[in-house]
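Containing compact mmCIF, C-alpha atoms: coords.txt.
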# COMPACT_ATOMS: atom_id res chain seq x y z
CA MET A 22 62.98 103.11 153.93
CA ARG A 23 61.79 106.57 154.80
CA HIS A 24 64.06 109.52 154.20
CA ARG A 25 64.16 112.14 156.87
CA SER A 26 64.01 115.71 155.73
CA ARG A 27 66.26 118.31 157.19
CA PRO A 28 63.94 121.19 157.99
CA GLY A 29 66.77 123.51 158.95
CA LEU A 30 68.40 123.18 155.53
CA ARG A 31 65.11 123.58 153.70
CA ALA A 32 64.16 126.62 155.75
CA ASN A 33 67.56 128.21 155.27
CA LEU A 34 67.67 127.66 151.48
CA GLY A 35 64.00 127.90 150.53
CA LEU A 36 63.32 131.63 150.65
CA PRO A 37 66.71 132.74 149.25
CA ALA A 38 66.40 130.23 146.40
CA ILE A 39 62.90 131.46 145.55
CA MET A 40 64.08 135.07 145.68
CA ALA A 41 67.07 134.33 143.42
CA CYS A 42 64.90 132.54 140.87
CA SER A 43 62.33 135.33 140.83
CA VAL A 44 65.06 137.90 140.17
CA LEU A 45 66.90 135.82 137.57
CA PHE A 46 63.94 134.49 135.61
CA THR A 47 61.58 137.41 135.40
CA ALA A 48 61.87 140.02 132.69
CA PRO A 49 61.34 143.67 133.46
CA ALA A 50 57.82 144.84 132.70
CA SER A 51 59.15 147.32 130.14
CA ALA A 52 61.34 144.82 128.26
CA GLU A 53 61.57 145.32 124.52
CA PRO A 54 60.16 142.56 122.30
CA LEU A 55 62.82 140.12 121.09
CA ALA A 56 63.04 138.40 117.71
CA THR A 57 66.06 136.32 118.73
CA ALA A 58 67.16 135.22 122.19
CA GLY A 59 69.51 132.75 123.83
CA ILE A 60 73.20 132.15 124.22
CA GLY A 61 73.89 132.88 120.54
CA VAL A 62 73.18 136.56 121.11
CA GLN A 63 75.42 136.81 124.17
CA SER A 64 78.72 138.66 124.26
CA CYS A 65 81.64 136.97 122.53
CA ALA A 66 83.92 138.37 125.25
CA LYS A 67 82.18 136.18 127.83
CA LEU A 68 81.72 133.13 125.62
CA ALA A 69 85.36 133.06 124.47
CA LYS A 70 86.43 132.72 128.11
CA ASP A 71 83.91 129.99 128.91
CA MET A 72 84.18 127.86 125.76
CA ASN A 73 86.80 125.16 125.25
CA PRO A 74 86.21 123.26 122.00
CA ALA A 75 88.64 120.50 123.01
CA GLU A 76 86.29 119.55 125.86
CA GLY A 77 83.38 118.96 123.48
CA PHE A 78 80.04 118.60 125.23
CA ASN A 79 81.74 118.07 128.61
CA ASN A 80 81.92 121.86 128.67
CA MET A 81 78.45 123.25 129.41
CA THR A 82 79.00 126.46 127.44
CA ASN A 83 80.07 124.46 124.39
CA ALA A 84 76.90 122.38 124.60
CA LEU A 85 74.63 125.39 125.08
CA VAL A 86 76.19 127.27 122.18
CA TYR A 87 76.09 124.26 119.85
CA TYR A 88 72.49 123.30 120.57
CA TRP A 89 71.35 126.90 120.27
CA MET A 90 73.13 127.14 116.91
CA GLN A 91 71.45 123.94 115.67
CA GLY A 92 68.04 125.38 116.46
CA TYR A 93 68.87 128.73 114.91
CA MET A 94 70.25 127.13 111.75
CA SER A 95 67.24 124.81 111.51
CA ALA A 96 64.93 127.82 111.67
CA ALA A 97 67.03 129.54 109.00
CA ASN A 98 66.62 126.46 106.82
CA MET A 99 62.84 126.68 107.18
CA ALA A 100 62.98 130.28 105.97
CA LEU A 101 65.23 129.28 103.05
CA LEU A 102 62.91 126.42 102.11
CA GLU A 103 59.78 128.56 102.27
CA GLY A 104 61.38 131.39 100.30
CA ASP A 105 63.78 129.81 97.83
CA ASN A 106 63.28 126.01 97.86
CA GLU A 107 66.80 125.50 99.17
CA TYR A 108 68.54 124.68 102.42
CA VAL A 109 71.96 124.30 104.07
CA ASP A 110 73.16 120.76 104.81
CA LEU A 111 73.39 120.82 108.62
CA SER A 112 75.23 117.49 108.71
CA LEU A 113 78.31 119.54 107.77
CA MET A 114 77.81 121.69 110.86
CA ASP A 115 78.74 119.23 113.59
CA GLU A 116 80.34 120.22 116.91
CA LYS A 117 83.87 119.46 115.69
CA ASN A 118 83.34 121.98 112.90
CA LEU A 119 81.26 124.65 114.64
CA LEU A 120 82.73 124.91 118.14
CA PRO A 121 86.30 125.80 117.07
CA LYS A 122 84.98 128.34 114.54
CA ILE A 123 82.73 129.99 117.11
CA HIS A 124 85.50 130.05 119.72
CA GLU A 125 88.00 131.53 117.26
CA PHE A 126 85.47 134.12 116.07
CA CYS A 127 84.62 135.14 119.63
CA THR A 128 88.26 135.31 120.67
CA LYS A 129 89.05 137.63 117.74
CA ASN A 130 85.82 139.64 118.02
CA PRO A 131 84.95 140.11 121.71
CA ASP A 132 82.64 143.01 120.84
CA LYS A 133 80.45 140.84 118.59
CA LYS A 134 77.99 137.99 119.10
CA PRO A 135 78.25 134.44 117.73
CA ILE A 136 75.02 134.89 115.79
CA SER A 137 76.98 137.18 113.44
CA LEU A 138 79.27 134.29 112.48
CA ILE A 139 76.38 131.85 112.04
CA ASP A 140 74.48 134.31 109.83
CA GLN A 141 77.59 134.68 107.66
CA MET A 142 78.10 130.90 107.52
CA ILE A 143 74.49 130.42 106.38
CA GLU A 144 74.89 133.15 103.77
CA ASP A 145 78.16 131.66 102.44
CA ALA A 146 77.16 127.98 102.59
CA ASP A 147 76.39 126.03 99.45
CA LYS A 148 72.65 125.57 99.26
CA ILE A 149 70.88 122.40 98.21
CA GLU A 150 67.92 122.95 95.93
CA THR A 151 64.83 120.90 96.50
CA LYS A 152 61.13 120.89 95.77
CA TRP A 153 59.28 122.42 98.66
CA LYS A 154 55.59 123.13 98.77
CA SER A 155 55.19 126.62 100.14
CA GLY A 156 52.89 126.62 103.12
CA THR A 157 54.10 123.22 104.38
CA ILE A 158 54.83 124.93 107.69
CA PRO A 159 51.51 126.57 108.59
CA TRP A 160 52.95 129.32 110.78
CA ALA A 161 55.45 130.30 108.04
CA ALA A 162 52.94 130.34 105.19
CA ASP A 163 51.85 133.57 103.57
CA GLU A 164 48.22 134.26 104.19
CA ASP A 165 46.51 135.53 101.08

Give the structure from the file, written as structure tokens.
Amino acid sequence: MRHRSRPGLRANLGLPAIMACSVLFTAPASAEPLATAGIGVQSCAKLAKDMNPAEGFNNMTNALVYYWMQGYMSAANMALLEGDNEYVDLSLMDEKNLLPKIHEFCTKNPDKKPISLIDQMIEDADKIETKWKSGTIPWAADED
């Protein structure tokens, strides 16, 4: 069965959609270099309104925040392992634990960013010591 295209709809949406994407997804030429990016460095004022921990991953903002935090915390663990042979047990940082904490933090601190809370949680967390061969992650290894 052949589907018929609707040229009028495509013509009406094509150019505006392309224009919107080019505006939304291009950075200004003079943008400053970033060390950290993503939803975790967004305004708590906005995130507190959009998050609803009770909805779990059915809420898109919850999912975006949680998955960003997992990646950020995993990267922090790599730095801890390379530097101190220790890491934070991320199994303790599930969505039922993290989402309410982030939402509460953002509600109480609309002028801050959730990354501030995560940095503090990493700092305060009990660390697990392990044997780690420095240089296991080639891009993180010191070059002598």

Q.
Which residues are close to Ser155 of chain A, i.e. within 8 Å by only C-alpha atoms, leaving aside same-chain residues fewer than 2 positions away? Reply as a list in words.
A.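 Non-adjacent residues within range: Leu102, Glu103, Gly104, Trp153, Thr157, Ile158 and Ala162 of chain A.
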
(Q) Report, in Å with one decimal, the straight-line distance from atom CA of Ala97 of chain A to atom CA of Ile149 of chain A. (A)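 Taking atom CA of Ala97 of chain A as the start and atom CA of Ile149 of chain A as the end point, the length is 13.5 Å.
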
(Q) Taking (64.4, 126.6, 97.6) as a centre in this file's frame and 6 Å as the limit, can you find every polymer residue with an atom that close, using all atoms listed in the file, and give them as a VMD selection string? (A) chain A and resid 102 105 to 107 150 to 151

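Counting all atoms listed in the file and comparing A:Lys154, A:Asn79, A:Cys65, A:Ile60, the residue that lies closest to Gly92 of chain A is A:Ile60.
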
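Shortest atom-to-atom contact with Leu120 of chain A among A:Lys148, A:Asn80, A:Tyr87, A:Leu68: A:Tyr87, counting only C-alpha atoms.
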
**Q.** Nearest residue to Ala96 of chain A from the set A:Asp115, A:Ala146, A:Asp140, A:Lys134 (distances using all atoms listed in the file)
**A.** A:Asp140

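Distance check against Gly61 of chain A using only C-alpha atoms: of A:Val86, A:Met81, A:Cys127, A:Met114, the minimum falls on A:Val86.
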
Q: Take atom CA of Lys117 of chain A and atom CA of Leu101 of chain A and report the distance between them in Å, one decimal.
A: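 For atom CA of Lys117 of chain A relative to atom CA of Leu101 of chain A, the distance reads 24.6 Å.
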
Q) Skipping near chain neighbours, those fewer than 4 positions away, what residues fall within 12 Å of Ser95 of chain A using only C-alpha atoms, listed as a ChimeraX atom specification? A) /A:88-91,99-102,108-112,114,139,143

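The interatomic distance for the pair atom CA of Lys129 of chain A and atom CA of Asp71 of chain A works out to 14.5 Å.
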
Give me the residues within 10 Å of Pro74 of chain A as a PDB file with C-alpha atoms, in the frame of the given file, counting all atoms listed in the file and dropping any in the same chain fewer than 3 places off.
ATOM      1  CA  ASP A  71      83.910 129.990 128.910  1.00  0.00           C
ATOM      2  CA  GLY A  77      83.380 118.960 123.480  1.00  0.00           C
ATOM      3  CA  PHE A  78      80.040 118.600 125.230  1.00  0.00           C
ATOM      4  CA  ASN A  79      81.740 118.070 128.610  1.00  0.00           C
ATOM      5  CA  ASN A  80      81.920 121.860 128.670  1.00  0.00           C
ATOM      6  CA  THR A  82      79.000 126.460 127.440  1.00  0.00           C
ATOM      7  CA  ASN A  83      80.070 124.460 124.390  1.00  0.00           C
ATOM      8  CA  ALA A  84      76.900 122.380 124.600  1.00  0.00           C
ATOM      9  CA  GLU A 116      80.340 120.220 116.910  1.00  0.00           C
ATOM     10  CA  LYS A 117      83.870 119.460 115.690  1.00  0.00           C
ATOM     11  CA  ASN A 118      83.340 121.980 112.900  1.00  0.00           C
ATOM     12  CA  LEU A 119      81.260 124.650 114.640  1.00  0.00           C
ATOM     13  CA  LEU A 120      82.730 124.910 118.140  1.00  0.00           C
ATOM     14  CA  PRO A 121      86.300 125.800 117.070  1.00  0.00           C
ATOM     15  CA  LYS A 122      84.980 128.340 114.540  1.00  0.00           C
ATOM     16  CA  ILE A 123      82.730 129.990 117.110  1.00  0.00           C
ATOM     17  CA  HIS A 124      85.500 130.050 119.720  1.00  0.00           C
ATOM     18  CA  GLU A 125      88.000 131.530 117.260  1.00  0.00           C
TER      19      GLU A 125
END

Q | Residue nearest Val62 of chain A - candidates A:Leu113, A:Leu85, A:Met142, A:Ala75, atoms counted: only C-alpha atoms | A | A:Leu85
